[in-house]
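Asks: What follows is a single structure, and I will ask about it in a moment.
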Amino acid sequence: MSLFLRVVFSFTMFGDLFEEEYSTVSNNQYGKGKKLKTKALEPPAPREFTNLSGIRNQGGTCYLNSLLQTLHFTPEFREALFSLGPEELGLFEDKDKPDAKVRIIPLQLQRLFAQLLLLDQEAASTADLTDSFGWTSNEEMRQHDVQELNRILFSALETSLVGTSGHDLIYRLYHGTIVNQIVCKECKNVSERQEDFLDLTVAVKNVSGLEDALWNMYVEEEVFDCDNLYHCGTCDRLVKAAKSAKLRKLPPFLTVSLLRFNFDFVKCERYKETSCYTFPLRINLKPFCEQSELDDLEYIYDLFSVIIHKGGCYGGHYHVYIKDVDHLGNWQFQEEKSKPDVNLKDLQSEEEIDHPLMILKAILLEEENNLIPVDQLGQKLLKKIGISWNKKYRKQHGPLRKFLQLHSQIFLLSSDESTVRLLKNSSLQAESDFQRNDQQIFKMLPPESPGLNNSISCPHWFDINDSKVQPIREKDIEQQFQGKESAYMLFYRKSQLQRPPEARANPRYGVPCHLLNEMDAANIELQTKRAECDSANNTFELHLHLGPQYHFFNGALHPVVSQTESVWDLTFDKRKTLGDLRQSIFQLLEFWEGDMVLSVAKLVPAGLHIYQSLGGDELTLCETEIADGEDIFVWNGVEVGGVHIQTGIDCEPLLLNVLHLDTSSDGEKCCQVIESPHVFPANAEVGTVLTALAIPAGVIFINSAGCPGGEGWTAIPKEDMRKTFREQGLRNGSSILIQDSHDDNSLLTKEEKWVTSMNEIDWLHVKNLCQLESEEKQVKISATVNTMVFDIRIKAIKELKLMKELADNSCLRPIDRNGKLLCPVPDSYTLKEAELKMGSSLGLCLGKAPSSSQLFLFFAMGSDVQPGTEMEIVVEETISVRDCLKLMLKKSGLQGDAWHLRKMDWCYEAGEPLCEEDATLKELLICSGDTLLLIEGQLPPLGFLKVPIWWYQLQGPSGHWESHQDQTNCTSSWGRVWRATSSQGASGNEPAQVSLLYLGDIEISEDATLAELKSQAMTLPPFLEFGVPSPAHLRAWTVERKRPGRLLRTDRQPLREYKLGRRIEICLEPLQKGENLGPQDVLLRTQVRIPGERTYAPALDLVWNAAQGGTAGSLRQRVADFYRLPVEKIEIAKYFPEKFEWLPISSWNQQITKRKKKKKQDYLQGAPYYLKDGDTIGVKNLLIDDDDDFSTIRDDTGKEKQKQRALGRRKSQEALHEQSSYILSSAETPARPRAPETSLSIHVGSFR
């Protein structure tokens, strides 16, 4: 039997240095029919005109792809591997036999190389190869360092080939030696030490190029003198000496690794060295070697591969430039039909860039037939000038399609406005010989001289970027000398290595017969599948979850309003790129501001969870492996509703059933086990269950599957309490039993040994709720998970000694932990099917359980429903909403038709109304156990909104409404004094408080504008007392959590475009004068701190334009100008009223909290400030106030009250569940750090 070794190499210094900027997703996820990694329904695309095959990226394997392509285009390596037959490596079909020694890794490499040579597909897959490495889907999604992989892969191959004729393959091709010498200046004694190498690691920092680095390493001497003498063994004393190193033995193939990534110990941050670093196409290594008698040509090496890293030190992408030594590919360029009259590089002046007409013409002239889809035009504009149309031109020129329509003499839009063409007579310069045709023309270009080799048939270069293969010219290599996209590994081959003539342009050369036959058969199968899939549907449906419509609650994301408002269904062509999808979503969500990140999300029992962000806009949706019906979360990539969101499979929320003994009113433990759901992150420690239930010490039992006789329970040893839920094998729906260690009824044996099973709770409590007299109030019925509910009911009737007639007119109803009776359970269900856990309580009630075509519903009147006050009704699932409403009104004793139904949402509040009165309950997805609310008032007609209107004006410390001062370049509030209750314990001028005054409801069309809403609100009777001159003197906000939320900016914009939802509430704030806020303007409330008093002056409105970068420096300068103070003499801080905390805003703060994208390190609208309209900014004048504190007396009081409330929650057993939910959803949850250091490993069998 094969034993397995684990070859591990890791970067302990840089940790997640090369991690992709998205988290990992496993295949085994909650939800049916949705897998991230799915096999494409269509066969792979055939090879493109280059006739070379790329390699598909599995999510983070671009580093692996680049190295594999380099090895594939090393013919000597490839053919040496092919020379090993099945008699040495074994057969694939024997790999599962216990005694067979099958060398999987070399076999998979052989097959991959054969596919790259012969299989007619655009890109090969490395899934089988990475499976042979022992990698999981997590490893395939995590990017590593290609230099690290090079060493580990060679080590794995050496181990795999032990005992074969290829045992020295790596040694023969890549092994070299270095000799280090120290020469004594006195006795000339030479002390030397020899080192082996498979690759040379050379410095990049402060070095001009490869030859300069080699000179420093192998020519320059280090002299030991003065205070740094060398102890000579021969002289036996400290002497002067010289230390040097030389290359003693050169391998046929020289690999050079460039040290581009470093750590700045002063700034304590990582960085990538992007300075210019040259390397030659041909290099003479003789100056760096020991003198020998070899021919000079033995030291000449030609460059044949350059692995390139694009990005920064926290993430990026690899691709490779390859020289096609065997002339396997077609090196050709598409001939430019007509050179554009305008080159974007020539548009240097600000005026030309500011005018979109020139830019759009130039982009279209570069396209085939001057034709491009409109959404791709916007995307190309973003790539060319670095800023989107909406941010650069929309304010002045309107939407992109409107701009194209207004210039119809230049641009021709298709009938459906999906594509745009540049009219022929609109060229920017006349050109007499300007000719076009619609066919694709290719021109074979003459070969370029490869440095010293002037052969007319020299090999050509290709850029292999995962699946894409493009021809390049030798001069393109110079572009990789410097910058964020620059060379990272160099591969040279001896110039004397010659290829046999029969290998030229012959991909079948050297391939074993069994692989030739396998590839030929695979090509026939591919052709057949392509013929069958020609007419296949290439579109699929995506479910877009909009970030602004969600909030984080109880460990997962939930819709703020409803699923209908929060999720958009989008049908999209899967052959388009991720960039096309992003551009389409931008156009759909015209209200979107800032960055947009698309992430794969899944619905789990706890709610919605984000797994990975999608990157690589050039990849098609098929290449990103997005499945049909995938849930895509659209957000800013950082936070939702001000809460930092942890993503990935590691922190997936688990919904667990926690069982523990009930506590009676006198505090004593009862015999009844109650069950309550709790949500925990999968990477949390199991011991956090005790913390969530406020149990100081206890024993935790987990359910063990597969125990005979029903469910079994296993205790967790104390030393395993720090393991995570996932390490303990817990999943959604798993059960945990908690035993207080202070309880006399301990689940430990008398010998204090941990018990291994617990069958004592394989029973159910059944209470008599039939309103009939019986000797027993409740009985305990033994059962297993496969016991039928009917059997339990009949057995309970017998043991309760009730009338036999109840067998035909009774049902069992579960009782929740609050004592509420739930929906009756059908007799035909088993306990497992009914999802009833052992130890739970059931009520035996009069009446039959609903049939399969009926629904059991709870209903109540009004939105403020007290537990236990709901009424019950059984209706057919095909009943209409209108008829169901009539039945409920009749049963409630209510009259009239001014009522409507709403479904109670997950937080026990009135949700979306059931608007379609003729629709059936089944069509509206109403299920048994749902609660419907009878709400007074008729629903507005379709297309209309019923909007509650509130009056909003800042409240001062004494309880009076404040009138804002009119300042230059700021928007100030118009003043009318209103009374309001002041905050208890507040003294002095505190940060502005919020109080809203209800004015009434208005009914308005969704097509009406914001200005019309304001006008209609002004007709409400209470509004007449305010004396507001016109709608222009009102500022509109949405109401969220009884506070002003989102600022509605444009008066002429229809309400429908704001995506307000049907439960929207609006508050109106008076202004002294009209305002016109731009899309990048942020409205802030600024308050100056009064020195020595811990109070603030009244709030003043300040408008800050965040379009210039949104940095801390920009805001500080704006505040300084507003208050006419030197910028270095002020300090500012943002106020978080829900925490009673102030967070200073400074460049230093932002430096510490910056994320992976350095360009966003100063973005105040991101973490940790999340600056938005209406935020309070405290201002401190350092000329007269040198106190470091921003807080007030009210903040101290508020924090103290928060502590008292938290203490009170701990004392109440009923509030424990709420406390655990608060802990999981609190914004104080530690931010997800960068992924921990992970080692790259390849599992190899032992063949010694």
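Going by the structure tokens order, chains are called A, B, ..., each with residues numbered from 1, while ligands are numbered from 1 in the order shown.
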Can you pull out every residue within 8 Å of Gln583 (chain A), counting only C-alpha atoms, but drop anything in the same chain fewer than 2 positions away, and send it as a PyMOL selection string?
Replies: chain A and resi 375-376+378-379+579-581+585-587
Asks: Need the shell around Ala697 (chain A): protein/DNA/RNA residues with any atom at most 12 Å away, counting only C-alpha atoms. Skip same-chain ones fewer than 4 positions apart. Format as a list in words?
Replies: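 My list of contacting residues is Gly687, Thr688, Val689, Leu690, Thr691, Ala692, Leu693, Lys718, Met721, Ile738, Gln739, Asp740, Ser741, His742 and Asp743 of chain A.
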Asks: Please identify the strand (DSSP E or B) residues within region 431-597 of chain A (assignment by DSSP from backbone atoms) and present them as a ChimeraX atom specification.
Replies: /A:442-443,461-465,468-472,485-494,539-546,550-553,556-559,567-573,577,597
Asks: For the selection just defined, write its residues with N, CA and C atoms to a file, as a short mmCIF file (atom, residue, chain, number, x, y, z; two decimals), in the first residue's frame.
Replies:
data_model
loop_
_atom_site.label_atom_id
_atom_site.label_comp_id
_atom_site.auth_asym_id
_atom_site.auth_seq_id
_atom_site.Cartn_x
_atom_site.Cartn_y
_atom_site.Cartn_z
N PHE A 442 -6.10 38.54 -42.30
CA PHE A 442 -4.90 38.28 -41.54
C PHE A 442 -3.69 38.36 -42.47
N LYS A 443 -2.65 38.87 -41.91
CA LYS A 443 -1.43 39.02 -42.69
C LYS A 443 -0.28 38.39 -41.92
N TRP A 461 7.15 34.63 -30.36
CA TRP A 461 6.68 34.77 -28.98
C TRP A 461 5.16 34.85 -28.92
N PHE A 462 4.61 34.30 -27.82
CA PHE A 462 3.17 34.37 -27.56
C PHE A 462 2.95 34.80 -26.12
N ASP A 463 1.86 35.51 -25.90
CA ASP A 463 1.40 35.85 -24.55
C ASP A 463 0.29 34.87 -24.18
N ILE A 464 0.55 34.00 -23.20
CA ILE A 464 -0.44 33.01 -22.77
C ILE A 464 -0.98 33.46 -21.42
N ASN A 465 -2.23 33.89 -21.43
CA ASN A 465 -2.89 34.45 -20.25
C ASN A 465 -4.07 33.55 -19.91
N LYS A 468 -6.37 32.48 -22.82
CA LYS A 468 -6.12 33.29 -24.01
C LYS A 468 -4.67 33.18 -24.46
N VAL A 469 -4.50 33.03 -25.77
CA VAL A 469 -3.16 32.98 -26.36
C VAL A 469 -3.11 34.01 -27.47
N GLN A 470 -2.17 34.94 -27.38
CA GLN A 470 -2.05 36.01 -28.36
C GLN A 470 -0.61 36.12 -28.84
N PRO A 471 -0.39 36.38 -30.12
CA PRO A 471 0.99 36.59 -30.60
C PRO A 471 1.50 37.95 -30.13
N ILE A 472 2.79 38.00 -29.85
CA ILE A 472 3.43 39.27 -29.48
C ILE A 472 4.75 39.39 -30.22
N GLU A 485 2.74 45.72 -13.73
CA GLU A 485 2.76 44.51 -14.54
C GLU A 485 4.18 44.34 -15.05
N SER A 486 4.93 43.43 -14.44
CA SER A 486 6.36 43.32 -14.75
C SER A 486 6.82 41.89 -14.57
N ALA A 487 8.00 41.60 -15.13
CA ALA A 487 8.56 40.26 -15.09
C ALA A 487 8.82 39.82 -13.66
N TYR A 488 8.56 38.52 -13.39
CA TYR A 488 8.73 37.97 -12.05
C TYR A 488 9.63 36.73 -12.05
N MET A 489 9.60 35.97 -13.14
CA MET A 489 10.51 34.82 -13.30
C MET A 489 11.00 34.79 -14.74
N LEU A 490 12.28 34.45 -14.91
CA LEU A 490 12.90 34.37 -16.23
C LEU A 490 13.42 32.95 -16.44
N PHE A 491 13.26 32.43 -17.67
CA PHE A 491 13.71 31.09 -18.00
C PHE A 491 14.60 31.17 -19.25
N TYR A 492 15.84 30.70 -19.10
CA TYR A 492 16.81 30.70 -20.20
C TYR A 492 17.17 29.26 -20.56
N ARG A 493 17.51 29.04 -21.84
CA ARG A 493 17.98 27.74 -22.31
C ARG A 493 19.30 27.93 -23.03
N LYS A 494 20.14 26.93 -22.95
CA LYS A 494 21.43 27.01 -23.63
C LYS A 494 21.21 27.16 -25.13
N THR A 539 -28.02 31.65 -22.80
CA THR A 539 -28.35 32.63 -21.76
C THR A 539 -28.71 31.90 -20.47
N PHE A 540 -28.50 32.55 -19.37
CA PHE A 540 -28.96 32.03 -18.11
C PHE A 540 -29.42 33.17 -17.22
N GLU A 541 -30.06 32.79 -16.13
CA GLU A 541 -30.68 33.79 -15.25
C GLU A 541 -29.84 33.96 -13.99
N LEU A 542 -29.63 35.21 -13.64
CA LEU A 542 -28.92 35.56 -12.41
C LEU A 542 -29.88 36.29 -11.48
N HIS A 543 -29.72 36.05 -10.19
CA HIS A 543 -30.52 36.75 -9.18
C HIS A 543 -29.63 37.79 -8.52
N LEU A 544 -29.89 39.06 -8.81
CA LEU A 544 -29.08 40.15 -8.28
C LEU A 544 -29.65 40.62 -6.94
N HIS A 545 -28.86 40.49 -5.90
CA HIS A 545 -29.25 40.98 -4.57
C HIS A 545 -28.57 42.33 -4.37
N LEU A 546 -29.35 43.39 -4.19
CA LEU A 546 -28.83 44.75 -4.12
C LEU A 546 -28.41 45.08 -2.69
N TYR A 550 -30.25 45.56 1.78
CA TYR A 550 -30.03 44.53 2.79
C TYR A 550 -29.43 45.13 4.05
N HIS A 551 -29.58 44.42 5.14
CA HIS A 551 -28.84 44.75 6.35
C HIS A 551 -28.44 43.45 7.05
N PHE A 552 -27.42 43.58 7.90
CA PHE A 552 -26.83 42.42 8.56
C PHE A 552 -27.53 42.20 9.89
N PHE A 553 -28.11 41.00 10.06
CA PHE A 553 -28.86 40.72 11.27
C PHE A 553 -28.72 39.25 11.61
N ALA A 556 -26.29 36.98 9.44
CA ALA A 556 -26.42 36.85 7.99
C ALA A 556 -27.10 38.09 7.43
N LEU A 557 -27.17 38.16 6.10
CA LEU A 557 -27.80 39.30 5.43
C LEU A 557 -29.29 39.00 5.20
N HIS A 558 -30.13 40.02 5.43
CA HIS A 558 -31.57 39.88 5.24
C HIS A 558 -32.09 41.13 4.54
N PRO A 559 -33.15 40.99 3.72
CA PRO A 559 -33.72 42.17 3.06
C PRO A 559 -34.27 43.16 4.07
N VAL A 567 -34.29 41.85 -4.67
CA VAL A 567 -33.71 40.93 -5.65
C VAL A 567 -34.26 41.25 -7.04
N TRP A 568 -33.35 41.40 -7.98
CA TRP A 568 -33.71 41.59 -9.39
C TRP A 568 -33.26 40.37 -10.16
N ASP A 569 -34.12 39.86 -11.04
CA ASP A 569 -33.75 38.75 -11.91
C ASP A 569 -33.24 39.32 -13.23
N LEU A 570 -32.09 38.84 -13.66
CA LEU A 570 -31.46 39.34 -14.88
C LEU A 570 -31.11 38.17 -15.77
N THR A 571 -31.62 38.17 -17.00
CA THR A 571 -31.25 37.17 -18.00
C THR A 571 -30.07 37.72 -18.80
N PHE A 572 -29.00 36.92 -18.88
CA PHE A 572 -27.76 37.45 -19.45
C PHE A 572 -27.08 36.38 -20.30
N ASP A 573 -26.35 36.84 -21.31
CA ASP A 573 -25.61 35.95 -22.21
C ASP A 573 -24.34 35.49 -21.50
N THR A 577 -18.53 38.82 -21.11
CA THR A 577 -17.53 38.86 -20.04
C THR A 577 -18.13 39.39 -18.75
N VAL A 597 -18.92 45.96 -6.56
CA VAL A 597 -18.29 44.64 -6.48
C VAL A 597 -19.38 43.60 -6.62
#
Asks: Within 10 Å of Gly1174 (chain A), counting only C-alpha atoms, which residues qualify if same-chain residues fewer than 2 places away don't, as a PyMOL selection string?
Replies: chain A and resi 1037+1044-1047+1082-1086+1101-1102+1171-1172+1176-1177
Asks: What's the 8 Å shell around Gly616 (chain A), counting only C-alpha atoms, without same-chain residues fewer than 2 positions away, as a PyMOL selection string?
Replies: chain A and resi 578-579+614+618-619
Asks: When you count only C-alpha atoms, which of these residues is closest to Leu52 (chain A): A:Ser125, A:Ser467, A:Asn189, A:Ser418?
Replies: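 Looking at the shortest contact to Leu52 (chain A), the residue is A:Ser467.
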Asks: CA of Pro824 (chain A) and CA of Pro850 (chain A), how far apart in Å?
Replies: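 Here the two named atoms are 7.3 Å from each other.
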Asks: To one decimal place in Å, what is the distance between CA of Val785 (chain A) and CA of Gly839 (chain A)?
Replies: 11.5 Å
Asks: Could you pull the residues within 6 Å of region 840-849 of chain A, counting only C-alpha atoms, minus those fewer than 6 positions along the same chain, as a list in words?
Replies: Leu764, His765, Val766, Lys767, Asn768, Leu769, Cys770, Asn809, Ser810, Cys811, Leu812, Arg813, Pro814, Ile815, Pro824 and Pro826 of chain A
Asks: Find the spatial neighbours of region 222-225 of chain A, counting only C-alpha atoms, within a cut-off of 9 Å - ignore same-chain residues fewer than 3 positions away - and output them as a VMD selection string.
Replies: chain A and resid 228 to 230 239 to 244
Asks: Selected residues, N, CA and C atoms, written as a PDB file, in the first residue's frame, please.
Replies:
ATOM      1  N   ASN A 228      36.117  44.259  10.858  1.00  0.00           N
ATOM      2  CA  ASN A 228      35.395  43.070  10.383  1.00  0.00           C
ATOM      3  C   ASN A 228      36.398  42.088   9.773  1.00  0.00           C
ATOM      4  N   LEU A 229      37.322  41.562  10.595  1.00  0.00           N
ATOM      5  CA  LEU A 229      38.351  40.646  10.125  1.00  0.00           C
ATOM      6  C   LEU A 229      37.842  39.213  10.117  1.00  0.00           C
ATOM      7  N   TYR A 230      38.552  38.370   9.376  1.00  0.00           N
ATOM      8  CA  TYR A 230      38.177  36.968   9.203  1.00  0.00           C
ATOM      9  C   TYR A 230      39.168  36.097   9.967  1.00  0.00           C
ATOM     10  N   VAL A 239      42.474  37.877  10.247  1.00  0.00           N
ATOM     11  CA  VAL A 239      43.249  38.414   9.116  1.00  0.00           C
ATOM     12  C   VAL A 239      42.304  39.096   8.148  1.00  0.00           C
ATOM     13  N   LYS A 240      42.888  39.816   7.208  1.00  0.00           N
ATOM     14  CA  LYS A 240      42.115  40.373   6.109  1.00  0.00           C
ATOM     15  C   LYS A 240      41.821  39.253   5.111  1.00  0.00           C
ATOM     16  N   ALA A 241      40.617  39.310   4.524  1.00  0.00           N
ATOM     17  CA  ALA A 241      40.232  38.260   3.579  1.00  0.00           C
ATOM     18  C   ALA A 241      39.230  38.825   2.576  1.00  0.00           C
ATOM     19  N   ALA A 242      39.003  38.062   1.519  1.00  0.00           N
ATOM     20  CA  ALA A 242      38.045  38.448   0.481  1.00  0.00           C
ATOM     21  C   ALA A 242      37.080  37.284   0.242  1.00  0.00           C
ATOM     22  N   LYS A 243      35.785  37.614   0.221  1.00  0.00           N
ATOM     23  CA  LYS A 243      34.759  36.601   0.004  1.00  0.00           C
ATOM     24  C   LYS A 243      34.122  36.819  -1.363  1.00  0.00           C
ATOM     25  N   SER A 244      33.921  35.733  -2.116  1.00  0.00           N
ATOM     26  CA  SER A 244      33.303  35.832  -3.441  1.00  0.00           C
ATOM     27  C   SER A 244      32.520  34.566  -3.720  1.00  0.00           C
TER      28      SER A 244
END
